[in-house]
Structures are given as C-alpha cells and as structure tokens.
file data23.tsv (TSV, C-alpha atoms)
chain	number	residue	atom	x	y	z
A	28	MET	CA	104.03	67.68	55.22
A	29	LYS	CA	100.59	67.71	56.88
A	30	GLN	CA	101.07	64.09	57.97
A	31	VAL	CA	104.35	65.04	59.68
A	32	GLN	CA	102.61	67.92	61.49
A	33	LYS	CA	99.83	65.58	62.67
A	34	VAL	CA	102.31	63.04	64.01
A	35	ALA	CA	104.29	65.80	65.73
A	36	MET	CA	101.14	67.19	67.35
A	37	ILE	CA	100.05	63.73	68.55
A	38	CYS	CA	103.52	63.19	70.06
A	39	VAL	CA	103.40	66.54	71.86
A	40	VAL	CA	99.92	65.83	73.26
A	41	ALA	CA	100.90	62.30	74.30
A	42	ALA	CA	104.04	63.57	76.03
A	43	ALA	CA	102.05	66.25	77.85
A	44	LEU	CA	99.46	63.72	79.04
A	45	ALA	CA	102.16	61.30	80.13
A	46	SER	CA	103.87	64.00	82.16
A	47	LEU	CA	100.60	64.94	83.83
A	48	VAL	CA	99.87	61.35	84.76
A	49	GLY	CA	103.40	61.00	86.08
A	50	CYS	CA	102.87	64.04	88.32
A	51	ALA	CA	99.67	62.69	89.84
A	52	THR	CA	100.34	61.57	93.38
A	53	THR	CA	98.18	60.62	96.29
A	54	ILE	CA	99.07	62.37	99.52
A	55	PRO	CA	98.78	60.08	102.55
A	56	GLU	CA	96.17	61.28	105.05
A	57	ALA	CA	98.84	61.96	107.66
A	58	ASP	CA	100.69	64.31	105.29
A	59	ARG	CA	97.70	66.41	104.28
A	60	LEU	CA	97.45	70.02	105.41
A	61	THR	CA	95.40	70.60	108.50
A	62	THR	CA	92.80	73.05	107.28
A	63	VAL	CA	90.63	75.38	109.33
A	64	ASP	CA	87.69	73.81	111.19
A	65	ALA	CA	85.27	76.53	110.10
A	66	LEU	CA	85.15	78.77	107.03
A	67	ASP	CA	82.19	81.11	106.57
A	68	LEU	CA	82.25	81.64	102.82
A	69	ASP	CA	80.05	84.75	103.07
A	70	ARG	CA	82.65	86.37	105.33
A	71	TYR	CA	85.48	85.17	103.08
A	72	LEU	CA	84.04	86.91	100.02
A	73	GLY	CA	85.56	90.22	98.93
A	74	SER	CA	89.09	91.36	98.15
A	75	TRP	CA	92.31	89.77	99.34
A	76	TYR	CA	95.82	91.10	98.64
A	77	GLU	CA	98.72	88.69	98.18
A	78	ILE	CA	101.29	89.49	100.85
A	79	ALA	CA	103.62	86.60	100.03
A	80	ARG	CA	103.60	83.51	97.83
A	81	TYR	CA	105.60	80.78	96.20
A	82	GLN	CA	106.54	81.90	92.71
A	83	HIS	CA	105.05	80.01	89.77
A	84	GLY	CA	105.08	80.63	86.06
A	85	PHE	CA	101.50	81.88	86.02
A	86	GLU	CA	102.30	84.65	88.53
A	87	LYS	CA	106.04	85.10	88.11
A	88	ASN	CA	105.94	88.61	86.63
A	89	LEU	CA	102.98	89.86	88.68
A	90	VAL	CA	103.15	92.32	91.53
A	91	GLY	CA	100.26	94.02	93.27
A	92	ALA	CA	98.43	90.68	93.02
A	93	LYS	CA	94.92	90.53	94.38
A	94	ALA	CA	92.00	88.08	94.41
A	95	ASP	CA	88.35	89.11	94.44
A	96	TYR	CA	85.72	86.57	95.47
A	97	SER	CA	81.97	86.99	94.90
A	98	LEU	CA	78.97	84.69	95.13
A	99	ARG	CA	77.48	83.41	91.89
A	100	ASP	CA	73.80	82.64	91.32
A	101	ASP	CA	74.55	78.89	91.43
A	102	GLY	CA	76.10	79.16	94.91
A	103	ARG	CA	79.67	78.77	93.72
A	104	ILE	CA	82.28	81.50	94.08
A	105	GLN	CA	83.44	83.72	91.22
A	106	VAL	CA	87.19	84.27	91.48
A	107	VAL	CA	88.99	87.12	89.74
A	108	ASN	CA	92.75	87.06	90.21
A	109	SER	CA	94.53	90.19	89.04
A	110	GLY	CA	97.95	91.75	89.15
A	111	LEU	CA	100.23	94.30	87.62
A	112	LYS	CA	102.90	93.23	85.15
A	113	LYS	CA	106.45	93.64	86.51
A	114	THR	CA	105.96	96.95	88.37
A	115	LEU	CA	103.28	98.59	90.49
A	116	ASP	CA	102.68	100.89	87.50
A	117	GLY	CA	102.51	97.98	85.06
A	118	LYS	CA	99.63	96.80	82.93
A	119	LEU	CA	96.72	95.25	84.85
A	120	THR	CA	96.01	91.65	83.92
A	121	SER	CA	93.37	89.29	85.28
A	122	VAL	CA	92.01	85.77	85.02
A	123	LYS	CA	88.65	84.37	86.14
A	124	ALA	CA	87.97	81.08	87.87
A	125	VAL	CA	85.26	79.39	89.90
A	126	ALA	CA	85.61	77.90	93.37
A	127	TRP	CA	83.42	75.62	95.47
A	128	ARG	CA	83.47	73.48	98.59
A	129	PRO	CA	83.15	69.83	97.51
A	130	ASP	CA	82.61	68.47	101.02
A	131	GLU	CA	80.76	70.45	103.70
A	132	ALA	CA	82.41	68.26	106.36
A	133	GLN	CA	85.77	69.78	105.37
A	134	PRO	CA	85.04	73.52	105.29
A	135	GLY	CA	88.62	74.65	104.64
A	136	ARG	CA	89.10	72.41	101.59
A	137	LEU	CA	87.91	74.11	98.43
A	138	LYS	CA	88.47	73.43	94.75
A	139	VAL	CA	89.10	76.07	92.10
A	140	LYS	CA	88.80	75.65	88.34
A	141	PHE	CA	90.53	77.89	85.79
A	142	PHE	CA	89.53	78.20	82.14
A	143	GLY	CA	86.95	75.48	82.67
A	144	LEU	CA	89.81	72.98	82.39
A	145	PHE	CA	92.24	72.97	85.29
A	146	THR	CA	91.10	72.16	88.81
A	147	SER	CA	93.30	72.50	91.85
A	148	ASP	CA	93.02	72.51	95.60
A	149	TYR	CA	92.49	75.74	97.52
A	150	LEU	CA	93.15	74.80	101.12
A	151	VAL	CA	92.67	77.40	103.83
A	152	PHE	CA	94.98	76.36	106.66
A	153	GLY	CA	95.30	79.64	108.52
A	154	LEU	CA	92.66	82.27	109.17
A	155	ASP	CA	91.87	85.24	111.34
A	156	GLU	CA	88.73	83.56	112.63
A	157	GLN	CA	87.47	86.68	114.42
A	158	GLN	CA	87.76	89.39	111.76
A	159	TYR	CA	88.61	87.49	108.54
A	160	GLN	CA	91.45	89.95	107.89
A	161	TRP	CA	94.14	87.44	106.86
A	162	ALA	CA	94.37	83.88	105.54
A	163	LEU	CA	96.91	81.25	104.52
A	164	VAL	CA	96.17	79.11	101.47
A	165	GLY	CA	98.07	76.17	100.04
A	166	ASN	CA	97.81	72.58	98.88
A	167	ASP	CA	98.61	69.16	100.32
A	168	SER	CA	101.84	68.72	98.35
A	169	ARG	CA	103.12	72.10	99.64
A	170	ASP	CA	103.80	73.27	96.06
A	171	TYR	CA	101.57	76.33	96.39
A	172	LEU	CA	101.40	78.91	99.14
A	173	TRP	CA	99.75	82.29	99.53
A	174	PHE	CA	99.64	84.70	102.46
A	175	LEU	CA	96.52	86.84	101.99
A	176	SER	CA	95.31	90.00	103.69
A	177	ARG	CA	92.42	92.43	103.33
A	178	THR	CA	95.03	95.19	103.29
A	179	PRO	CA	98.03	95.57	100.96
A	180	VAL	CA	100.47	95.71	103.89
A	181	VAL	CA	100.66	93.73	107.13
A	182	SER	CA	102.64	94.29	110.31
A	183	ASP	CA	105.94	92.51	110.85
A	184	GLU	CA	104.29	90.71	113.75
A	185	LEU	CA	101.49	89.34	111.56
A	186	LEU	CA	103.95	88.34	108.84
A	187	SER	CA	105.96	86.43	111.45
A	188	THR	CA	102.79	84.69	112.65
A	189	MET	CA	101.89	83.70	109.09
A	190	LYS	CA	105.38	82.34	108.49
A	191	GLN	CA	105.27	80.33	111.71
A	192	LEU	CA	101.89	78.79	110.81
A	193	ALA	CA	103.20	77.84	107.36
A	194	ARG	CA	106.34	76.25	108.83
A	195	GLU	CA	104.20	74.28	111.30
A	196	GLN	CA	102.32	72.85	108.29
A	197	GLY	CA	105.57	71.71	106.65
A	198	TYR	CA	106.28	74.62	104.30
A	199	ASP	CA	109.87	75.56	103.53
A	200	LEU	CA	109.94	79.36	103.33
A	201	GLU	CA	113.39	79.74	101.79
A	202	ASN	CA	111.87	80.81	98.46
A	203	LEU	CA	108.92	82.76	99.83
A	204	PHE	CA	108.35	85.84	97.65
A	205	LEU	CA	107.11	89.00	99.36
A	206	VAL	CA	104.73	90.58	96.86
A	207	PRO	CA	105.16	94.32	96.24
A	208	GLN	CA	101.75	95.86	96.86
A	209	LYS	CA	99.69	99.00	96.66
A	210	GLU	CA	96.08	99.92	97.41
A	211	ARG	CA	93.79	99.35	94.44
call {"tool": "encode", "arguments": {"input": "data23.tsv", "output": "structure tokens"}}
result
Amino acid sequence: MKQVQKVAMICVVAAALASLVGCATTIPEADRLTTVDALDLDRYLGSWYEIARYQHGFEKNLVGAKADYSLRDDGRIQVVNSGLKKTLDGKLTSVKAVAWRPDEAQPGRLKVKFFGLFTSDYLVFGLDEQQYQWALVGNDSRDYLWFLSRTPVVSDELLSTMKQLAREQGYDLENLFLVPQKER
C-alpha cells in the first residue's frame, strides 16, 4: 500500500510541475505594462486599502482587504496582506510576504515572495505621484489587478480615473470586483 501512495504522490507532484511549466510564458517587450517612471519606496510604505481587484482563489472570500508595507533591516519591504472573511465583521486573516526592487532602472517593477516559495511581479502602473494616495498594481499578463488607496473609500471620479488607466494598459474590467471596505 505504501508503494501505491508513493507512486500517487510522485504523479501528483509531476503533474503539478508540468502544469506550472506549461503556464510559464514570456511576455514580449511591447506587451509589458508601462510602469511608473519613479517610485519612492519610503513614500509608498504604510497602509493601502484594496478598492477593487480581480478575484483569485487566494482572496476570493476576503473583504476589507488591506496591505501594510514596512521597511525591513535588510532594505527589503515587509508585506502584510490582511482581510476579513466573507463579511466586514468576519474573522481577520493575514499573510506575510517580502518585496524588493530587482532593477533600480525600472522603479515601478517590484517582485514579491510569499511563504518563501512563490515569487510574482508587483508592477505599479498608476500612482498619485504628488501625494501617494492611490496606486494601480498588476502584472504583465494582465491576470492580476489591484486598485489601492490610503483610504477605504474613493470618489466616483477617482474610481473612473483608475478604471481608465487600467483600460489604457489593456485590462478588461468586466470582472472587476469592488471590495467592500471599512476603516481599520
């Protein structure tokens, strides 16, 4: 019986690896997001509320989602993503990650690593450059999208501006999820 379990486990791992390799694609330079020309990480630190996002399994049941960024001793950024399960009175859950800028010549292109295992792009392609009060974050394949704000609610005018910037970068907003929010 143990031999059967070993073979089954090897098959599951092999299938998972094969699917990951199959998903790996290279985005042509012309199709990459145009990120911001300047990003002052010290000003970017602090709390950001999710105003809207694409839904994914890791956030599907979260509302009141928020990200807190702080500087670590090694110069990288500590990321704490948190949210409330299902309702604004739901249980608080959080996950930690680390972010960094791999290339100083591309200030809006960051990487973020979760659980010490999974690394993904964190591309800032829209930003309130004067006050750092809102930001748009995504990835080159346009699979991920977040509208972020320092406040839990934004004006209709700002939301329209954010949507327009996302559309200009090739995002389809048909399935954009407006995140229920509250101050916390």
call {"tool": "residues_around", "arguments": {"input": "data23.tsv", "residues": "Gly135 in chain A", "least_positions_apart": "3", "cutoff": "7 Å", "atoms": "all atoms listed in the file", "output": "MDAnalysis selection string"}}
result
chainID A and resid 62:66 150:152
call {"tool": "residues_around", "arguments": {"input": "data23.tsv", "residues": "Gln191 in chain A", "least_positions_apart": "5", "cutoff": "12 Å", "atoms": "only C-alpha atoms", "output": "JSON, numbers by chain"}}
result
{"A": [153, 163, 174, 184, 185, 186, 196, 197, 198, 199, 200]}
call {"tool": "closest_residue", "arguments": {"input": "data23.tsv", "among": "A:Ala94, A:Leu137, A:Leu144, A:Ala124", "to": "Ile78 in chain A", "atoms": "only C-alpha atoms"}}
result
A:Ala94
call {"tool": "atom_distance", "arguments": {"input": "data23.tsv", "atom1": "CA of Asn166 in chain A", "atom2": "CA of Phe142 in chain A"}}
result
19.5 Å
call {"tool": "atom_distance", "arguments": {"input": "data23.tsv", "atom1": "CA of Gln160 in chain A", "atom2": "CA of Ser176 in chain A"}}
result
5.7 Å
call {"tool": "closest_residue", "arguments": {"input": "data23.tsv", "among": "A:Val122, A:Ala79, A:Val106, A:Leu203", "to": "Trp161 in chain A", "atoms": "all atoms listed in the file"}}
result
A:Ala79
call {"tool": "atom_distance", "arguments": {"input": "data23.tsv", "atom1": "CA of Val139 in chain A", "atom2": "CA of Glu195 in chain A"}}
result
24.5 Å
call {"tool": "closest_residue", "arguments": {"input": "data23.tsv", "among": "A:Val125, A:Tyr81, A:Gln157, A:Ala92", "to": "Ile104 in chain A", "atoms": "only C-alpha atoms"}}
result
A:Val125
call {"tool": "residues_near_point", "arguments": {"input": "data23.tsv", "point": "(98.9, 67.9, 97.2)", "cutoff": "10 Å", "atoms": "only C-alpha atoms", "output": "number ranges by chain"}}
result
A: 51-55, 58-60, 147-148, 150, 165-171
call {"tool": "closest_residue", "arguments": {"input": "data23.tsv", "among": "A:Ala126, A:Val180, A:Ala132, A:Leu72", "to": "Pro207 in chain A", "atoms": "all atoms listed in the file"}}
result
A:Val180
call {"tool": "closest_residue", "arguments": {"input": "data23.tsv", "among": "A:Arg194, A:Lys138, A:Arg211, A:Arg128", "to": "Asp67 in chain A", "atoms": "only C-alpha atoms"}}
result
A:Arg128
call {"tool": "closest_residue", "arguments": {"input": "data23.tsv", "among": "A:Val181, A:Leu175, A:Leu119, A:Val164", "to": "Thr61 in chain A", "atoms": "all atoms listed in the file"}}
result
A:Val164
call {"tool": "decode", "arguments": {"input": "data23.tsv", "residues": "range 74-209 of chain A", "atoms": "C-alpha atoms", "output": "PDB file, in the first residue's frame"}}
result
ATOM      1  CA  SER A  74      -1.252  51.034   4.674  1.00  0.00           C
ATOM      2  CA  TRP A  75      -3.170  50.596   1.440  1.00  0.00           C
ATOM      3  CA  TYR A  76      -6.818  49.539   1.160  1.00  0.00           C
ATOM      4  CA  GLU A  77      -7.985  47.421  -1.776  1.00  0.00           C
ATOM      5  CA  ILE A  78     -10.663  49.383  -3.596  1.00  0.00           C
ATOM      6  CA  ALA A  79     -11.074  46.926  -6.464  1.00  0.00           C
ATOM      7  CA  ARG A  80      -9.348  43.806  -7.767  1.00  0.00           C
ATOM      8  CA  TYR A  81      -9.537  40.783  -9.977  1.00  0.00           C
ATOM      9  CA  GLN A  82     -10.827  37.874  -7.931  1.00  0.00           C
ATOM     10  CA  HIS A  83      -8.468  34.955  -7.305  1.00  0.00           C
ATOM     11  CA  GLY A  84      -8.712  31.906  -5.113  1.00  0.00           C
ATOM     12  CA  PHE A  85      -6.341  33.324  -2.511  1.00  0.00           C
ATOM     13  CA  GLU A  86      -8.571  36.381  -1.954  1.00  0.00           C
ATOM     14  CA  LYS A  87     -11.967  35.171  -3.132  1.00  0.00           C
ATOM     15  CA  ASN A  88     -13.694  35.228   0.256  1.00  0.00           C
ATOM     16  CA  LEU A  89     -11.924  38.315   1.600  1.00  0.00           C
ATOM     17  CA  VAL A  90     -13.461  41.728   2.054  1.00  0.00           C
ATOM     18  CA  GLY A  91     -11.970  44.700   3.852  1.00  0.00           C
ATOM     19  CA  ALA A  92      -8.638  43.702   2.279  1.00  0.00           C
ATOM     20  CA  LYS A  93      -5.630  45.796   3.131  1.00  0.00           C
ATOM     21  CA  ALA A  94      -1.854  45.686   2.611  1.00  0.00           C
ATOM     22  CA  ASP A  95       0.684  47.095   5.048  1.00  0.00           C
ATOM     23  CA  TYR A  96       4.231  47.746   3.851  1.00  0.00           C
ATOM     24  CA  SER A  97       7.197  48.426   6.148  1.00  0.00           C
ATOM     25  CA  LEU A  98      10.956  48.564   5.681  1.00  0.00           C
ATOM     26  CA  ARG A  99      12.991  45.614   6.906  1.00  0.00           C
ATOM     27  CA  ASP A 100      16.541  45.822   8.276  1.00  0.00           C
ATOM     28  CA  ASP A 101      17.893  44.283   5.049  1.00  0.00           C
ATOM     29  CA  GLY A 102      16.327  47.042   2.916  1.00  0.00           C
ATOM     30  CA  ARG A 103      13.553  44.864   1.546  1.00  0.00           C
ATOM     31  CA  ILE A 104       9.878  45.519   2.240  1.00  0.00           C
ATOM     32  CA  GLN A 105       7.807  43.528   4.725  1.00  0.00           C
ATOM     33  CA  VAL A 106       4.330  42.948   3.300  1.00  0.00           C
ATOM     34  CA  VAL A 107       1.343  42.008   5.445  1.00  0.00           C
ATOM     35  CA  ASN A 108      -1.822  41.377   3.454  1.00  0.00           C
ATOM     36  CA  SER A 109      -4.953  41.058   5.551  1.00  0.00           C
ATOM     37  CA  GLY A 110      -8.684  40.819   5.111  1.00  0.00           C
ATOM     38  CA  LEU A 111     -11.928  39.822   6.713  1.00  0.00           C
ATOM     39  CA  LYS A 112     -13.539  36.512   5.834  1.00  0.00           C
ATOM     40  CA  LYS A 113     -16.802  36.900   3.879  1.00  0.00           C
ATOM     41  CA  THR A 114     -18.203  39.943   5.741  1.00  0.00           C
ATOM     42  CA  LEU A 115     -16.869  43.170   7.219  1.00  0.00           C
ATOM     43  CA  ASP A 116     -17.497  41.576  10.629  1.00  0.00           C
ATOM     44  CA  GLY A 117     -15.732  38.353   9.645  1.00  0.00           C
ATOM     45  CA  LYS A 118     -12.600  36.800  11.073  1.00  0.00           C
ATOM     46  CA  LEU A 119      -9.375  38.691  10.332  1.00  0.00           C
ATOM     47  CA  THR A 120      -6.828  36.688   8.369  1.00  0.00           C
ATOM     48  CA  SER A 121      -3.382  37.704   7.160  1.00  0.00           C
ATOM     49  CA  VAL A 122      -0.353  36.508   5.248  1.00  0.00           C
ATOM     50  CA  LYS A 123       3.201  37.870   5.200  1.00  0.00           C
ATOM     51  CA  ALA A 124       5.477  38.334   2.224  1.00  0.00           C
ATOM     52  CA  VAL A 125       8.610  40.210   1.240  1.00  0.00           C
ATOM     53  CA  ALA A 126       9.002  42.612  -1.676  1.00  0.00           C
ATOM     54  CA  TRP A 127      12.005  44.189  -3.376  1.00  0.00           C
ATOM     55  CA  ARG A 128      13.001  46.119  -6.471  1.00  0.00           C
ATOM     56  CA  PRO A 129      15.247  43.853  -8.581  1.00  0.00           C
ATOM     57  CA  ASP A 130      16.320  46.584 -11.010  1.00  0.00           C
ATOM     58  CA  GLU A 131      16.745  50.212  -9.914  1.00  0.00           C
ATOM     59  CA  ALA A 132      16.437  51.278 -13.566  1.00  0.00           C
ATOM     60  CA  GLN A 133      12.813  50.067 -13.500  1.00  0.00           C
ATOM     61  CA  PRO A 134      11.452  51.620 -10.298  1.00  0.00           C
ATOM     62  CA  GLY A 135       7.831  50.510 -10.779  1.00  0.00           C
ATOM     63  CA  ARG A 136       8.713  46.832 -11.265  1.00  0.00           C
ATOM     64  CA  LEU A 137       8.913  45.004  -7.960  1.00  0.00           C
ATOM     65  CA  LYS A 138       8.912  41.348  -7.009  1.00  0.00           C
ATOM     66  CA  VAL A 139       7.053  39.844  -4.068  1.00  0.00           C
ATOM     67  CA  LYS A 140       7.644  36.445  -2.485  1.00  0.00           C
ATOM     68  CA  PHE A 141       5.068  34.574  -0.388  1.00  0.00           C
ATOM     69  CA  PHE A 142       5.857  31.738   2.007  1.00  0.00           C
ATOM     70  CA  GLY A 143       9.472  31.869   0.890  1.00  0.00           C
ATOM     71  CA  LEU A 144       8.394  29.898  -2.184  1.00  0.00           C
ATOM     72  CA  PHE A 145       6.251  31.790  -4.665  1.00  0.00           C
ATOM     73  CA  THR A 146       7.544  34.903  -6.398  1.00  0.00           C
ATOM     74  CA  SER A 147       5.411  37.115  -8.568  1.00  0.00           C
ATOM     75  CA  ASP A 148       5.527  40.514 -10.182  1.00  0.00           C
ATOM     76  CA  TYR A 149       4.196  43.584  -8.397  1.00  0.00           C
ATOM     77  CA  LEU A 150       4.035  46.223 -11.096  1.00  0.00           C
ATOM     78  CA  VAL A 151       2.969  49.745 -10.180  1.00  0.00           C
ATOM     79  CA  PHE A 152       1.483  51.218 -13.351  1.00  0.00           C
ATOM     80  CA  GLY A 153      -0.590  54.028 -11.887  1.00  0.00           C
ATOM     81  CA  LEU A 154       0.228  56.323  -8.982  1.00  0.00           C
ATOM     82  CA  ASP A 155      -0.745  59.591  -7.394  1.00  0.00           C
ATOM     83  CA  GLU A 156       2.765  60.942  -7.827  1.00  0.00           C
ATOM     84  CA  GLN A 157       2.116  64.061  -5.733  1.00  0.00           C
ATOM     85  CA  GLN A 158       0.511  62.656  -2.574  1.00  0.00           C
ATOM     86  CA  TYR A 159       0.895  58.859  -2.890  1.00  0.00           C
ATOM     87  CA  GLN A 160      -2.796  58.457  -2.032  1.00  0.00           C
ATOM     88  CA  TRP A 161      -3.704  55.856  -4.676  1.00  0.00           C
ATOM     89  CA  ALA A 162      -1.964  53.273  -6.859  1.00  0.00           C
ATOM     90  CA  LEU A 163      -2.684  50.676  -9.537  1.00  0.00           C
ATOM     91  CA  VAL A 164      -0.825  47.362  -9.389  1.00  0.00           C
ATOM     92  CA  GLY A 165      -0.831  44.458 -11.814  1.00  0.00           C
ATOM     93  CA  ASN A 166       1.332  42.134 -13.864  1.00  0.00           C
ATOM     94  CA  ASP A 167       2.435  41.880 -17.489  1.00  0.00           C
ATOM     95  CA  SER A 168      -0.006  39.095 -18.377  1.00  0.00           C
ATOM     96  CA  ARG A 169      -2.927  41.182 -17.018  1.00  0.00           C
ATOM     97  CA  ASP A 170      -4.015  38.283 -14.767  1.00  0.00           C
ATOM     98  CA  TYR A 171      -3.767  40.343 -11.585  1.00  0.00           C
ATOM     99  CA  LEU A 172      -5.077  43.806 -10.849  1.00  0.00           C
ATOM    100  CA  TRP A 173      -5.492  45.885  -7.717  1.00  0.00           C
ATOM    101  CA  PHE A 174      -6.771  49.431  -7.215  1.00  0.00           C
ATOM    102  CA  LEU A 175      -5.250  50.674  -3.946  1.00  0.00           C
ATOM    103  CA  SER A 176      -5.959  53.719  -1.799  1.00  0.00           C
ATOM    104  CA  ARG A 177      -4.794  55.111   1.528  1.00  0.00           C
ATOM    105  CA  THR A 178      -8.472  55.420   2.444  1.00  0.00           C
ATOM    106  CA  PRO A 179     -11.139  52.694   2.445  1.00  0.00           C
ATOM    107  CA  VAL A 180     -13.371  54.666   0.059  1.00  0.00           C
ATOM    108  CA  VAL A 181     -12.575  56.726  -3.039  1.00  0.00           C
ATOM    109  CA  SER A 182     -14.645  59.206  -5.009  1.00  0.00           C
ATOM    110  CA  ASP A 183     -16.505  58.114  -8.122  1.00  0.00           C
ATOM    111  CA  GLU A 184     -14.237  60.433 -10.081  1.00  0.00           C
ATOM    112  CA  LEU A 185     -11.072  58.738  -8.810  1.00  0.00           C
ATOM    113  CA  LEU A 186     -12.539  55.281  -9.419  1.00  0.00           C
ATOM    114  CA  SER A 187     -13.303  56.318 -13.008  1.00  0.00           C
ATOM    115  CA  THR A 188      -9.735  57.577 -13.427  1.00  0.00           C
ATOM    116  CA  MET A 189      -8.341  54.293 -12.101  1.00  0.00           C
ATOM    117  CA  LYS A 190     -10.555  52.300 -14.445  1.00  0.00           C
ATOM    118  CA  GLN A 191      -9.490  54.396 -17.424  1.00  0.00           C
ATOM    119  CA  LEU A 192      -5.784  53.936 -16.614  1.00  0.00           C
ATOM    120  CA  ALA A 193      -6.283  50.174 -16.324  1.00  0.00           C
ATOM    121  CA  ARG A 194      -8.140  50.015 -19.649  1.00  0.00           C
ATOM    122  CA  GLU A 195      -5.349  52.017 -21.311  1.00  0.00           C
ATOM    123  CA  GLN A 196      -2.914  49.324 -20.122  1.00  0.00           C
ATOM    124  CA  GLY A 197      -5.010  46.560 -21.711  1.00  0.00           C
ATOM    125  CA  TYR A 198      -7.082  45.405 -18.736  1.00  0.00           C
ATOM    126  CA  ASP A 199     -10.602  44.104 -19.312  1.00  0.00           C
ATOM    127  CA  LEU A 200     -12.669  45.363 -16.380  1.00  0.00           C
ATOM    128  CA  GLU A 201     -15.744  43.211 -16.949  1.00  0.00           C
ATOM    129  CA  ASN A 202     -14.931  41.087 -13.892  1.00  0.00           C
ATOM    130  CA  LEU A 203     -13.514  43.843 -11.699  1.00  0.00           C
ATOM    131  CA  PHE A 204     -14.598  43.250  -8.096  1.00  0.00           C
ATOM    132  CA  LEU A 205     -15.289  46.301  -5.933  1.00  0.00           C
ATOM    133  CA  VAL A 206     -14.029  45.344  -2.484  1.00  0.00           C
ATOM    134  CA  PRO A 207     -16.365  46.107   0.438  1.00  0.00           C
ATOM    135  CA  GLN A 208     -14.313  48.174   2.873  1.00  0.00           C
ATOM    136  CA  LYS A 209     -14.236  49.750   6.289  1.00  0.00           C
TER     137      LYS A 209
END
